[in-house]
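K.L.:
File my_file20.pdb follows (PDB, C-alpha atoms and all ligand atoms):
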```pdb
ATOM      1  CA  MET A   1       0.000   0.000   0.000  1.00  0.00           C
ATOM      2  CA  MET A   2       1.542   3.426  -1.106  1.00  0.00           C
ATOM      3  CA  LYS A   3       1.563   6.370   1.227  1.00  0.00           C
ATOM      4  CA  ARG A   4      -0.321   9.502   0.156  1.00  0.00           C
ATOM      5  CA  SER A   5       2.978  11.380  -0.385  1.00  0.00           C
ATOM      6  CA  GLN A   6       4.242   8.531  -2.616  1.00  0.00           C
ATOM      7  CA  VAL A   7       1.014   8.664  -4.655  1.00  0.00           C
ATOM      8  CA  VAL A   8       1.437  12.433  -5.112  1.00  0.00           C
ATOM      9  CA  VAL A   9       5.075  11.996  -6.267  1.00  0.00           C
ATOM     10  CA  LYS A  10       4.042   9.210  -8.670  1.00  0.00           C
ATOM     11  CA  ARG A  11       1.285  11.417 -10.161  1.00  0.00           C
ATOM     12  CA  LEU A  12       3.770  14.294 -10.519  1.00  0.00           C
ATOM     13  CA  ILE A  13       6.239  12.031 -12.359  1.00  0.00           C
ATOM     14  CA  GLU A  14       3.426  10.865 -14.689  1.00  0.00           C
ATOM     15  CA  ILE A  15       2.385  14.461 -15.432  1.00  0.00           C
ATOM     16  CA  VAL A  16       5.982  15.586 -16.112  1.00  0.00           C
ATOM     17  CA  GLY A  17       6.460  12.554 -18.416  1.00  0.00           C
ATOM     18  CA  PHE A  18       3.249  13.342 -20.273  1.00  0.00           C
ATOM     19  CA  VAL A  19       4.213  17.007 -20.779  1.00  0.00           C
ATOM     20  CA  ALA A  20       7.721  15.976 -21.956  1.00  0.00           C
ATOM     21  CA  ALA A  21       6.195  13.515 -24.454  1.00  0.00           C
ATOM     22  CA  ILE A  22       3.958  16.262 -25.884  1.00  0.00           C
ATOM     23  CA  ALA A  23       6.951  18.630 -26.161  1.00  0.00           C
ATOM     24  CA  VAL A  24       8.989  15.979 -28.023  1.00  0.00           C
ATOM     25  CA  ALA A  25       6.066  15.250 -30.380  1.00  0.00           C
ATOM     26  CA  ALA A  26       5.562  18.970 -31.061  1.00  0.00           C
ATOM     27  CA  ALA A  27       9.262  19.404 -31.812  1.00  0.00           C
ATOM     28  CA  GLY A  28       9.048  16.441 -34.201  1.00  0.00           C
ATOM     29  CA  CYS A  29       6.108  18.045 -36.018  1.00  0.00           C
ATOM     30  CA  GLN A  30       7.971  21.330 -36.327  1.00  0.00           C
ATOM     31  CA  GLN A  31      10.981  19.557 -37.747  1.00  0.00           C
ATOM     32  CA  SER A  32       8.860  17.908 -40.419  1.00  0.00           C
ATOM     33  CA  VAL A  33       7.961  21.330 -41.937  1.00  0.00           C
ATOM     34  CA  VAL A  34      11.529  22.628 -41.898  1.00  0.00           C
ATOM     35  CA  PRO A  35      12.629  21.948 -45.475  1.00  0.00           C
ATOM     36  CA  ALA A  36      15.778  20.075 -46.353  1.00  0.00           C
ATOM     37  CA  PRO A  37      18.467  22.306 -47.838  1.00  0.00           C
ATOM     38  CA  ALA A  38      18.529  22.781 -51.621  1.00  0.00           C
ATOM     39  CA  ALA A  39      20.475  20.128 -53.565  1.00  0.00           C
ATOM     40  CA  ARG A  40      22.733  22.909 -54.855  1.00  0.00           C
ATOM     41  CA  SER A  41      22.662  26.678 -54.857  1.00  0.00           C
ATOM     42  CA  PRO A  42      20.039  28.246 -57.097  1.00  0.00           C
ATOM     43  CA  ASP A  43      21.346  29.692 -60.395  1.00  0.00           C
ATOM     44  CA  VAL A  44      19.318  32.837 -59.714  1.00  0.00           C
ATOM     45  CA  PRO A  45      18.342  34.290 -56.316  1.00  0.00           C
ATOM     46  CA  TYR A  46      14.715  34.635 -55.309  1.00  0.00           C
ATOM     47  CA  ASP A  47      13.087  37.868 -56.468  1.00  0.00           C
ATOM     48  CA  PRO A  48       9.319  37.832 -56.986  1.00  0.00           C
ATOM     49  CA  THR A  49       7.746  39.275 -60.131  1.00  0.00           C
ATOM     50  CA  PRO A  50       5.354  42.118 -59.204  1.00  0.00           C
ATOM     51  CA  GLN A  51       1.795  40.797 -59.249  1.00  0.00           C
ATOM     52  CA  HIS A  52       0.534  43.179 -61.974  1.00  0.00           C
ATOM     53  CA  VAL A  53       3.440  41.999 -64.190  1.00  0.00           C
ATOM     54  CA  VAL A  54       2.453  38.361 -63.512  1.00  0.00           C
ATOM     55  CA  VAL A  55      -0.984  39.138 -64.954  1.00  0.00           C
ATOM     56  CA  GLU A  56       0.596  40.825 -68.000  1.00  0.00           C
ATOM     57  CA  MET A  57       2.852  37.785 -68.591  1.00  0.00           C
ATOM     58  CA  LEU A  58      -0.144  35.450 -68.575  1.00  0.00           C
ATOM     59  CA  GLU A  59      -2.151  37.775 -70.827  1.00  0.00           C
ATOM     60  CA  LEU A  60       0.766  38.020 -73.259  1.00  0.00           C
ATOM     61  CA  ALA A  61       0.862  34.214 -73.459  1.00  0.00           C
ATOM     62  CA  LYS A  62      -2.959  34.154 -73.850  1.00  0.00           C
ATOM     63  CA  VAL A  63      -3.260  31.590 -71.063  1.00  0.00           C
ATOM     64  CA  GLY A  64      -6.611  29.798 -70.897  1.00  0.00           C
ATOM     65  CA  ALA A  65      -8.384  26.784 -69.493  1.00  0.00           C
ATOM     66  CA  SER A  66      -6.641  24.265 -71.747  1.00  0.00           C
ATOM     67  CA  ASP A  67      -3.133  25.332 -70.694  1.00  0.00           C
ATOM     68  CA  ARG A  68      -0.570  23.637 -68.515  1.00  0.00           C
ATOM     69  CA  VAL A  69       1.689  26.412 -67.233  1.00  0.00           C
ATOM     70  CA  TYR A  70       5.201  25.653 -65.935  1.00  0.00           C
ATOM     71  CA  ASP A  71       7.070  28.300 -63.973  1.00  0.00           C
ATOM     72  CA  LEU A  72      10.717  27.252 -64.015  1.00  0.00           C
ATOM     73  CA  GLY A  73      12.079  28.687 -60.784  1.00  0.00           C
ATOM     74  CA  CYS A  74       8.652  29.400 -59.297  1.00  0.00           C
ATOM     75  CA  GLY A  75       9.581  31.297 -56.123  1.00  0.00           C
ATOM     76  CA  ASP A  76       6.440  31.673 -54.016  1.00  0.00           C
ATOM     77  CA  GLY A  77       4.270  30.175 -56.781  1.00  0.00           C
ATOM     78  CA  ARG A  78       2.502  33.408 -57.719  1.00  0.00           C
ATOM     79  CA  ILE A  79       2.657  32.920 -61.513  1.00  0.00           C
ATOM     80  CA  VAL A  80       1.171  29.424 -61.520  1.00  0.00           C
ATOM     81  CA  ILE A  81      -1.318  30.277 -58.763  1.00  0.00           C
ATOM     82  CA  THR A  82      -2.535  33.272 -60.807  1.00  0.00           C
ATOM     83  CA  ALA A  83      -2.664  31.166 -63.985  1.00  0.00           C
ATOM     84  CA  VAL A  84      -4.994  28.739 -62.198  1.00  0.00           C
ATOM     85  CA  LYS A  85      -7.086  31.180 -60.203  1.00  0.00           C
ATOM     86  CA  GLN A  86      -7.548  33.980 -62.746  1.00  0.00           C
ATOM     87  CA  PHE A  87      -7.056  32.203 -66.091  1.00  0.00           C
ATOM     88  CA  GLY A  88      -8.501  28.749 -65.346  1.00  0.00           C
ATOM     89  CA  ALA A  89      -5.303  26.863 -66.304  1.00  0.00           C
ATOM     90  CA  ARG A  90      -3.465  24.035 -64.552  1.00  0.00           C
ATOM     91  CA  GLY A  91       0.167  24.277 -63.668  1.00  0.00           C
ATOM     92  CA  VAL A  92       3.471  23.073 -62.340  1.00  0.00           C
ATOM     93  CA  CYS A  93       5.717  24.922 -59.884  1.00  0.00           C
ATOM     94  CA  VAL A  94       9.395  23.948 -60.148  1.00  0.00           C
ATOM     95  CA  ASP A  95      12.029  25.300 -57.769  1.00  0.00           C
ATOM     96  CA  ILE A  96      15.368  23.958 -56.595  1.00  0.00           C
ATOM     97  CA  ASP A  97      14.882  25.558 -53.177  1.00  0.00           C
ATOM     98  CA  PRO A  98      12.615  23.429 -50.933  1.00  0.00           C
ATOM     99  CA  GLN A  99      11.660  26.533 -48.925  1.00  0.00           C
ATOM    100  CA  ARG A 100      10.154  28.087 -52.068  1.00  0.00           C
ATOM    101  CA  ILE A 101       8.145  24.964 -52.792  1.00  0.00           C
ATOM    102  CA  LEU A 102       6.805  24.936 -49.215  1.00  0.00           C
ATOM    103  CA  GLU A 103       5.741  28.570 -49.670  1.00  0.00           C
ATOM    104  CA  SER A 104       4.204  27.879 -53.079  1.00  0.00           C
ATOM    105  CA  ARG A 105       2.159  25.006 -51.731  1.00  0.00           C
ATOM    106  CA  ALA A 106       0.993  27.025 -48.707  1.00  0.00           C
ATOM    107  CA  ASN A 107       0.050  29.984 -50.950  1.00  0.00           C
ATOM    108  CA  ALA A 108      -1.793  27.700 -53.377  1.00  0.00           C
ATOM    109  CA  ARG A 109      -3.684  26.110 -50.484  1.00  0.00           C
ATOM    110  CA  GLU A 110      -4.639  29.537 -49.165  1.00  0.00           C
ATOM    111  CA  ALA A 111      -5.805  30.541 -52.660  1.00  0.00           C
ATOM    112  CA  GLY A 112      -7.873  27.312 -52.872  1.00  0.00           C
ATOM    113  CA  VAL A 113      -6.069  26.012 -55.992  1.00  0.00           C
ATOM    114  CA  GLU A 114      -3.565  23.508 -54.550  1.00  0.00           C
ATOM    115  CA  GLN A 115      -5.276  20.561 -56.251  1.00  0.00           C
ATOM    116  CA  HIS A 116      -4.675  22.060 -59.715  1.00  0.00           C
ATOM    117  CA  ILE A 117      -0.913  22.464 -59.260  1.00  0.00           C
ATOM    118  CA  GLU A 118       2.013  20.047 -59.132  1.00  0.00           C
ATOM    119  CA  PHE A 119       4.926  21.073 -56.928  1.00  0.00           C
ATOM    120  CA  LEU A 120       8.396  19.847 -57.856  1.00  0.00           C
ATOM    121  CA  THR A 121      11.483  20.474 -55.743  1.00  0.00           C
ATOM    122  CA  GLN A 122      13.859  20.067 -58.607  1.00  0.00           C
ATOM    123  CA  ASP A 123      16.642  21.582 -60.661  1.00  0.00           C
ATOM    124  CA  LEU A 124      14.750  23.055 -63.614  1.00  0.00           C
ATOM    125  CA  PHE A 125      17.360  21.614 -65.968  1.00  0.00           C
ATOM    126  CA  ASP A 126      16.248  18.121 -64.851  1.00  0.00           C
ATOM    127  CA  SER A 127      12.479  18.733 -65.108  1.00  0.00           C
ATOM    128  CA  ASP A 128      10.446  16.995 -67.792  1.00  0.00           C
ATOM    129  CA  ILE A 129       8.633  19.950 -69.370  1.00  0.00           C
ATOM    130  CA  SER A 130       7.327  18.106 -72.425  1.00  0.00           C
ATOM    131  CA  ASP A 131       3.648  18.482 -71.489  1.00  0.00           C
ATOM    132  CA  ALA A 132       3.846  22.255 -70.954  1.00  0.00           C
ATOM    133  CA  THR A 133       1.797  24.523 -73.205  1.00  0.00           C
ATOM    134  CA  VAL A 134       3.156  27.673 -71.551  1.00  0.00           C
ATOM    135  CA  VAL A 135       6.519  28.177 -69.825  1.00  0.00           C
ATOM    136  CA  THR A 136       7.209  31.261 -67.714  1.00  0.00           C
ATOM    137  CA  LEU A 137      10.691  32.460 -66.777  1.00  0.00           C
ATOM    138  CA  PHE A 138      12.211  35.088 -64.553  1.00  0.00           C
ATOM    139  CA  LEU A 139      15.832  33.969 -64.536  1.00  0.00           C
ATOM    140  CA  TRP A 140      19.084  35.545 -65.685  1.00  0.00           C
ATOM    141  CA  PRO A 141      20.280  36.055 -69.285  1.00  0.00           C
ATOM    142  CA  SER A 142      22.977  33.352 -68.980  1.00  0.00           C
ATOM    143  CA  VAL A 143      20.444  30.889 -67.522  1.00  0.00           C
ATOM    144  CA  ASN A 144      17.966  31.648 -70.313  1.00  0.00           C
ATOM    145  CA  MET A 145      20.704  30.861 -72.828  1.00  0.00           C
ATOM    146  CA  LYS A 146      21.630  27.619 -71.070  1.00  0.00           C
ATOM    147  CA  LEU A 147      17.935  26.680 -71.049  1.00  0.00           C
ATOM    148  CA  ARG A 148      17.294  27.373 -74.734  1.00  0.00           C
ATOM    149  CA  PRO A 149      18.356  23.942 -76.080  1.00  0.00           C
ATOM    150  CA  LYS A 150      16.126  22.209 -73.514  1.00  0.00           C
ATOM    151  CA  LEU A 151      13.130  24.362 -74.459  1.00  0.00           C
ATOM    152  CA  TRP A 152      13.726  23.559 -78.093  1.00  0.00           C
ATOM    153  CA  ARG A 153      14.267  19.838 -77.479  1.00  0.00           C
ATOM    154  CA  GLU A 154      11.343  19.184 -75.126  1.00  0.00           C
ATOM    155  CA  LEU A 155       8.557  21.645 -75.899  1.00  0.00           C
ATOM    156  CA  LYS A 156       5.832  20.842 -78.419  1.00  0.00           C
ATOM    157  CA  PRO A 157       5.233  23.134 -81.401  1.00  0.00           C
ATOM    158  CA  ASP A 158       3.094  26.156 -80.494  1.00  0.00           C
ATOM    159  CA  THR A 159       4.144  26.161 -76.834  1.00  0.00           C
ATOM    160  CA  ARG A 160       4.472  29.745 -75.623  1.00  0.00           C
ATOM    161  CA  VAL A 161       7.499  30.859 -73.609  1.00  0.00           C
ATOM    162  CA  VAL A 162       7.332  34.136 -71.696  1.00  0.00           C
ATOM    163  CA  SER A 163      10.298  35.743 -69.967  1.00  0.00           C
ATOM    164  CA  TYR A 164      10.310  38.709 -67.623  1.00  0.00           C
ATOM    165  CA  MET A 165      13.248  41.087 -68.169  1.00  0.00           C
ATOM    166  CA  HIS A 166      15.639  38.850 -70.123  1.00  0.00           C
ATOM    167  CA  ASP A 167      15.743  37.901 -73.790  1.00  0.00           C
ATOM    168  CA  MET A 168      17.170  34.853 -75.605  1.00  0.00           C
ATOM    169  CA  GLN A 169      19.671  36.659 -77.840  1.00  0.00           C
ATOM    170  CA  ASP A 170      18.982  35.635 -81.472  1.00  0.00           C
ATOM    171  CA  TRP A 171      15.599  34.063 -80.730  1.00  0.00           C
ATOM    172  CA  THR A 172      13.501  36.904 -82.108  1.00  0.00           C
ATOM    173  CA  PRO A 173      10.435  37.345 -79.890  1.00  0.00           C
ATOM    174  CA  LYS A 174       6.994  37.100 -81.439  1.00  0.00           C
ATOM    175  CA  GLU A 175       5.954  39.992 -79.223  1.00  0.00           C
ATOM    176  CA  THR A 176       7.380  42.206 -76.486  1.00  0.00           C
ATOM    177  CA  ARG A 177       5.707  44.411 -73.942  1.00  0.00           C
ATOM    178  CA  THR A 178       7.082  47.127 -71.682  1.00  0.00           C
ATOM    179  CA  VAL A 179       5.869  46.955 -68.086  1.00  0.00           C
ATOM    180  CA  GLU A 180       6.414  49.177 -65.082  1.00  0.00           C
ATOM    181  CA  SER A 181       8.328  47.124 -62.525  1.00  0.00           C
ATOM    182  CA  GLY A 182       8.409  49.585 -59.627  1.00  0.00           C
ATOM    183  CA  ASN A 183      12.095  49.968 -60.465  1.00  0.00           C
ATOM    184  CA  GLY A 184      11.786  51.512 -63.922  1.00  0.00           C
ATOM    185  CA  PRO A 185      10.314  50.042 -67.122  1.00  0.00           C
ATOM    186  CA  LYS A 186      11.187  46.414 -67.916  1.00  0.00           C
ATOM    187  CA  LYS A 187      10.420  44.132 -70.847  1.00  0.00           C
ATOM    188  CA  LEU A 188       8.367  40.997 -71.322  1.00  0.00           C
ATOM    189  CA  PHE A 189       9.267  38.636 -74.194  1.00  0.00           C
ATOM    190  CA  LEU A 190       7.031  36.053 -75.880  1.00  0.00           C
ATOM    191  CA  TRP A 191       8.327  33.250 -78.116  1.00  0.00           C
ATOM    192  CA  ILE A 192       6.367  30.479 -79.797  1.00  0.00           C
ATOM    193  CA  ILE A 193       8.125  27.182 -80.503  1.00  0.00           C
ATOM    194  CA  VAL A 194       7.923  26.060 -84.129  1.00  0.00           C
ATOM    195  CA  GLY A 195       7.441  22.514 -85.423  1.00  0.00           C
ATOM    196  CA  GLY A 196       9.591  20.593 -87.881  1.00  0.00           C
ATOM    197  CA  PHE A 197      13.323  20.316 -88.361  1.00  0.00           C
ATOM    198  CA  LYS A 198      15.277  23.560 -88.250  1.00  0.00           C
ATOM    199  CA  THR A 199      18.956  23.967 -88.848  1.00  0.00           C
ATOM    200  CA  THR A 200      19.778  27.120 -86.935  1.00  0.00           C
ATOM    201  CA  ALA A 201      18.974  27.973 -83.334  1.00  0.00           C
ATOM    202  CA  ALA A 202      17.378  31.232 -84.411  1.00  0.00           C
ATOM    203  CA  ASP A 203      14.851  29.325 -86.559  1.00  0.00           C
ATOM    204  CA  ARG A 204      13.424  27.451 -83.620  1.00  0.00           C
ATOM    205  CA  VAL A 205      10.848  30.024 -82.667  1.00  0.00           C
ATOM    206  CA  LYS A 206       8.284  31.805 -84.788  1.00  0.00           C
TER     207      LYS A 206
HETATM  208  C1  LIG A 301      13.983  35.572 -59.768  1.00  0.00           C
HETATM  209  S1  LIG A 301      13.160  34.284 -58.874  1.00  0.00           S
HETATM  210  C2  LIG A 301      11.639  34.166 -59.784  1.00  0.00           C
HETATM  211  C3  LIG A 301      10.486  33.616 -58.959  1.00  0.00           C
HETATM  212  C4  LIG A 301       9.155  33.513 -59.694  1.00  0.00           C
HETATM  213  N1  LIG A 301       9.290  32.826 -60.959  1.00  0.00           N
HETATM  214  C5  LIG A 301       8.577  34.875 -59.945  1.00  0.00           C
HETATM  215  O1  LIG A 301       8.695  35.333 -61.103  1.00  0.00           O
HETATM  216  O2  LIG A 301       8.033  35.487 -59.014  1.00  0.00           O
HETATM  217  C6  LIG A 301      14.091  32.842 -59.440  1.00  0.00           C
HETATM  218  C7  LIG A 301      13.706  31.551 -58.766  1.00  0.00           C
HETATM  219  O3  LIG A 301      14.375  30.501 -59.464  1.00  0.00           O
HETATM  220  C8  LIG A 301      14.797  29.520 -58.536  1.00  0.00           C
HETATM  221  N2  LIG A 301      15.911  28.796 -59.169  1.00  0.00           N
HETATM  222  C9  LIG A 301      17.153  29.256 -59.450  1.00  0.00           C
HETATM  223  N3  LIG A 301      17.894  28.320 -60.056  1.00  0.00           N
HETATM  224  C10 LIG A 301      17.095  27.225 -60.185  1.00  0.00           C
HETATM  225  C11 LIG A 301      17.301  25.933 -60.757  1.00  0.00           C
HETATM  226  N4  LIG A 301      18.441  25.557 -61.332  1.00  0.00           N
HETATM  227  N5  LIG A 301      16.261  25.060 -60.732  1.00  0.00           N
HETATM  228  C12 LIG A 301      15.071  25.425 -60.163  1.00  0.00           C
HETATM  229  N6  LIG A 301      14.847  26.629 -59.600  1.00  0.00           N
HETATM  230  C13 LIG A 301      15.837  27.529 -59.618  1.00  0.00           C
HETATM  231  C14 LIG A 301      15.170  30.312 -57.297  1.00  0.00           C
HETATM  232  O4  LIG A 301      15.140  29.503 -56.149  1.00  0.00           O
HETATM  233  C15 LIG A 301      14.112  31.412 -57.307  1.00  0.00           C
HETATM  234  O5  LIG A 301      12.987  31.036 -56.549  1.00  0.00           O
END
```
Could you write out this file's structure as structure tokens?

P.N.:
Amino acid sequence: MMKRSQVVVKRLIEIVGFVAAIAVAAAGCQQSVVPAPAARSPDVPYDPTPQHVVVEMLELAKVGASDRVYDLGCGDGRIVITAVKQFGARGVCVDIDPQRILESRANAREAGVEQHIEFLTQDLFDSDISDATVVTLFLWPSVNMKLRPKLWRELKPDTRVVSYMHDMQDWTPKETRTVESGNGPKKLFLWIIVGGFKTTAADRVK
């Protein structure tokens, strides 16, 4: 038979154990939302496109309900989220930084469009983009140039490619637009991939 003081001590030990178990479980949960570090450093640092420019990019590409929009280096997901919410498309967010993909998913959930978007924590140079109908880019000029052969190789004829700020050298754009960025006027570029065999890089867009 335990004394009353022993019973009190035993209860205290049980309560402390229970509280410690909850603290450990909570810490475990927190850890599960801390993203793993990126596989390698991003080629371009995170810098979101202003929201009114996002809308102009999607208008320039004439995005609609039958489109599958890939943002290569998606940041917080705003381009694909807007493509789904305002233009009725579906989309894919690709970013090498797991933190960006966590943010994109959370923003898509908040916007009520998470189920229409795929989220890929991936180097964009490794992504299969062959089912895209629209590709959006806000990268750097050198990265655009490195990406050009992949766009040409993988994208179907008539796929639209839109880039904020940076061109593709001798790929002549189908259309350009000047937008106010909040930091002076900047350009948008639209290219459309052609079909058939072409011999020069410059011939690969129409
Ligand atoms: C300038 S931000 C653009 C973000 C978003 N597209 C927008 O316009 O708001 C570039 C993004 O590309 C991502 N990025 C850079 N290099 C990458 C790579 N090799 N593969 C995938 N994502 C990359 C960065 O993590 C960053 O989020």

K.L.:
Taking the file as shown, what set of residues would the PyMOL selection byres (((chain A and resi 150) around 12) and not hetatm) give back, as a list in words?

P.N.:
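Written out, the selection comes to Leu124, Phe125, Asp126, Ser127, Asp128, Ile129, Ser130, Val135, Val143, Asn144, Met145, Lys146, Leu147, Arg148, Pro149, Leu151, Trp152, Arg153, Glu154, Leu155, Lys156, Ile193, Ala201 and Arg204 of chain A.
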
K.L.:
Which residues fall under the PyMOL selection byres (((not hetatm)) within 8 of (chain A and resi 301)) in this file, as a ChimeraX atom specification?

P.N.:
/A:41-50,54,71-79,94-97,100,121-125,136-140,164

K.L.:
Would you put the residues from that selection into a file with C-alpha atoms, as a PDB file, keeping the file's coordinate frame?

P.N.:
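Generated output (again.pdb):
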```pdb
ATOM      1  CA  SER A  41      22.662  26.678 -54.857  1.00  0.00           C
ATOM      2  CA  PRO A  42      20.039  28.246 -57.097  1.00  0.00           C
ATOM      3  CA  ASP A  43      21.346  29.692 -60.395  1.00  0.00           C
ATOM      4  CA  VAL A  44      19.318  32.837 -59.714  1.00  0.00           C
ATOM      5  CA  PRO A  45      18.342  34.290 -56.316  1.00  0.00           C
ATOM      6  CA  TYR A  46      14.715  34.635 -55.309  1.00  0.00           C
ATOM      7  CA  ASP A  47      13.087  37.868 -56.468  1.00  0.00           C
ATOM      8  CA  PRO A  48       9.319  37.832 -56.986  1.00  0.00           C
ATOM      9  CA  THR A  49       7.746  39.275 -60.131  1.00  0.00           C
ATOM     10  CA  PRO A  50       5.354  42.118 -59.204  1.00  0.00           C
ATOM     11  CA  VAL A  54       2.453  38.361 -63.512  1.00  0.00           C
ATOM     12  CA  ASP A  71       7.070  28.300 -63.973  1.00  0.00           C
ATOM     13  CA  LEU A  72      10.717  27.252 -64.015  1.00  0.00           C
ATOM     14  CA  GLY A  73      12.079  28.687 -60.784  1.00  0.00           C
ATOM     15  CA  CYS A  74       8.652  29.400 -59.297  1.00  0.00           C
ATOM     16  CA  GLY A  75       9.581  31.297 -56.123  1.00  0.00           C
ATOM     17  CA  ASP A  76       6.440  31.673 -54.016  1.00  0.00           C
ATOM     18  CA  GLY A  77       4.270  30.175 -56.781  1.00  0.00           C
ATOM     19  CA  ARG A  78       2.502  33.408 -57.719  1.00  0.00           C
ATOM     20  CA  ILE A  79       2.657  32.920 -61.513  1.00  0.00           C
ATOM     21  CA  VAL A  94       9.395  23.948 -60.148  1.00  0.00           C
ATOM     22  CA  ASP A  95      12.029  25.300 -57.769  1.00  0.00           C
ATOM     23  CA  ILE A  96      15.368  23.958 -56.595  1.00  0.00           C
ATOM     24  CA  ASP A  97      14.882  25.558 -53.177  1.00  0.00           C
ATOM     25  CA  ARG A 100      10.154  28.087 -52.068  1.00  0.00           C
ATOM     26  CA  THR A 121      11.483  20.474 -55.743  1.00  0.00           C
ATOM     27  CA  GLN A 122      13.859  20.067 -58.607  1.00  0.00           C
ATOM     28  CA  ASP A 123      16.642  21.582 -60.661  1.00  0.00           C
ATOM     29  CA  LEU A 124      14.750  23.055 -63.614  1.00  0.00           C
ATOM     30  CA  PHE A 125      17.360  21.614 -65.968  1.00  0.00           C
ATOM     31  CA  THR A 136       7.209  31.261 -67.714  1.00  0.00           C
ATOM     32  CA  LEU A 137      10.691  32.460 -66.777  1.00  0.00           C
ATOM     33  CA  PHE A 138      12.211  35.088 -64.553  1.00  0.00           C
ATOM     34  CA  LEU A 139      15.832  33.969 -64.536  1.00  0.00           C
ATOM     35  CA  TRP A 140      19.084  35.545 -65.685  1.00  0.00           C
ATOM     36  CA  TYR A 164      10.310  38.709 -67.623  1.00  0.00           C
TER      37      TYR A 164
END
```

K.L.:
Pick out the closest residue to Lys174 in chain A from this set: A:Val113, A:Ile192, A:Val84, A:Val161. Count only C-alpha atoms.

P.N.:
A:Ile192

K.L.:
For Glu180 in chain A, please output as number ranges by chain all residues within 8 Å (counting only C-alpha atoms; exclusion window: fewer than 5 positions along the same chain).

P.N.:
A: 53, 185-186

K.L.:
Could you state which residues are captured by the PyMOL selection byres (((chain A and resi 64) around 9) and not hetatm) in this file, as a PyMOL selection string?

P.N.:
chain A and resi 58+62-63+65-68+83-84+87-89

K.L.:
Considering all atoms listed in the file, return as a VMD selection string whatever protein or nucleic-acid residues lie within 7 Å of Phe189 in chain A, sequence-local ones (same chain, fewer than 5 positions apart) excluded.

P.N.:
chain A and resid 162 to 164 167 173 175 to 177

K.L.:
Could you check how far CA of Pro37 in chain A sits from CA of Pro98 in chain A, in Å to one decimal?

P.N.:
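CA of Pro37 in chain A sits 6.7 Å away from CA of Pro98 in chain A.
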
K.L.:
Quick one: pull the distance between CA of Pro157 in chain A and CA of Cys93 in chain A, Å, one decimal.

P.N.:
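Those two atoms sit 21.6 Å apart.
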
K.L.:
Please indicate the distance in Å from CA of Ala39 in chain A to CA of Leu188 in chain A, rounded to one decimal place.

P.N.:
30.0 Å

K.L.:
Quick one: 5 Å padding each side, axis-aligned, all listed atoms of range 59-72 of chain A - centre and edge lengths in Å to one decimal, as lines of an AutoDock Vina configuration file?

P.N.:
```
center_x = 1.2
center_y = 30.8
center_z = -68.9
size_x = 29.1
size_y = 24.4
size_z = 19.9
```

K.L.:
Would you mind writing range 144-156 of chain A with N, CA and C atoms, as a PDB file, in the coordinates of the input?

P.N.:
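What follows is the written file out.pdb:
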```
ATOM      1  N   ASN A 144      18.848  31.756 -69.146  1.00  0.00           N
ATOM      2  CA  ASN A 144      17.966  31.648 -70.313  1.00  0.00           C
ATOM      3  C   ASN A 144      18.706  30.975 -71.475  1.00  0.00           C
ATOM      4  N   MET A 145      19.942  31.407 -71.696  1.00  0.00           N
ATOM      5  CA  MET A 145      20.704  30.861 -72.828  1.00  0.00           C
ATOM      6  C   MET A 145      21.039  29.387 -72.620  1.00  0.00           C
ATOM      7  N   LYS A 146      21.326  29.031 -71.363  1.00  0.00           N
ATOM      8  CA  LYS A 146      21.630  27.619 -71.070  1.00  0.00           C
ATOM      9  C   LYS A 146      20.359  26.758 -71.236  1.00  0.00           C
ATOM     10  N   LEU A 147      19.208  27.403 -70.994  1.00  0.00           N
ATOM     11  CA  LEU A 147      17.935  26.680 -71.049  1.00  0.00           C
ATOM     12  C   LEU A 147      17.413  26.501 -72.473  1.00  0.00           C
ATOM     13  N   ARG A 148      17.838  27.352 -73.373  1.00  0.00           N
ATOM     14  CA  ARG A 148      17.294  27.373 -74.734  1.00  0.00           C
ATOM     15  C   ARG A 148      17.283  26.005 -75.423  1.00  0.00           C
ATOM     16  N   PRO A 149      18.391  25.246 -75.401  1.00  0.00           N
ATOM     17  CA  PRO A 149      18.356  23.942 -76.080  1.00  0.00           C
ATOM     18  C   PRO A 149      17.324  22.992 -75.478  1.00  0.00           C
ATOM     19  N   LYS A 150      17.121  23.079 -74.164  1.00  0.00           N
ATOM     20  CA  LYS A 150      16.126  22.209 -73.514  1.00  0.00           C
ATOM     21  C   LYS A 150      14.713  22.595 -73.957  1.00  0.00           C
ATOM     22  N   LEU A 151      14.454  23.899 -74.015  1.00  0.00           N
ATOM     23  CA  LEU A 151      13.130  24.362 -74.459  1.00  0.00           C
ATOM     24  C   LEU A 151      12.862  23.837 -75.863  1.00  0.00           C
ATOM     25  N   TRP A 152      13.870  23.979 -76.696  1.00  0.00           N
ATOM     26  CA  TRP A 152      13.726  23.559 -78.093  1.00  0.00           C
ATOM     27  C   TRP A 152      13.521  22.044 -78.196  1.00  0.00           C
ATOM     28  N   ARG A 153      14.306  21.307 -77.414  1.00  0.00           N
ATOM     29  CA  ARG A 153      14.267  19.838 -77.479  1.00  0.00           C
ATOM     30  C   ARG A 153      12.934  19.291 -76.958  1.00  0.00           C
ATOM     31  N   GLU A 154      12.451  19.843 -75.831  1.00  0.00           N
ATOM     32  CA  GLU A 154      11.343  19.184 -75.126  1.00  0.00           C
ATOM     33  C   GLU A 154       9.958  19.762 -75.413  1.00  0.00           C
ATOM     34  N   LEU A 155       9.900  21.048 -75.777  1.00  0.00           N
ATOM     35  CA  LEU A 155       8.557  21.645 -75.899  1.00  0.00           C
ATOM     36  C   LEU A 155       7.913  21.316 -77.234  1.00  0.00           C
ATOM     37  N   LYS A 156       6.602  21.133 -77.192  1.00  0.00           N
ATOM     38  CA  LYS A 156       5.832  20.842 -78.419  1.00  0.00           C
ATOM     39  C   LYS A 156       5.715  22.121 -79.261  1.00  0.00           C
TER      40      LYS A 156
END
```
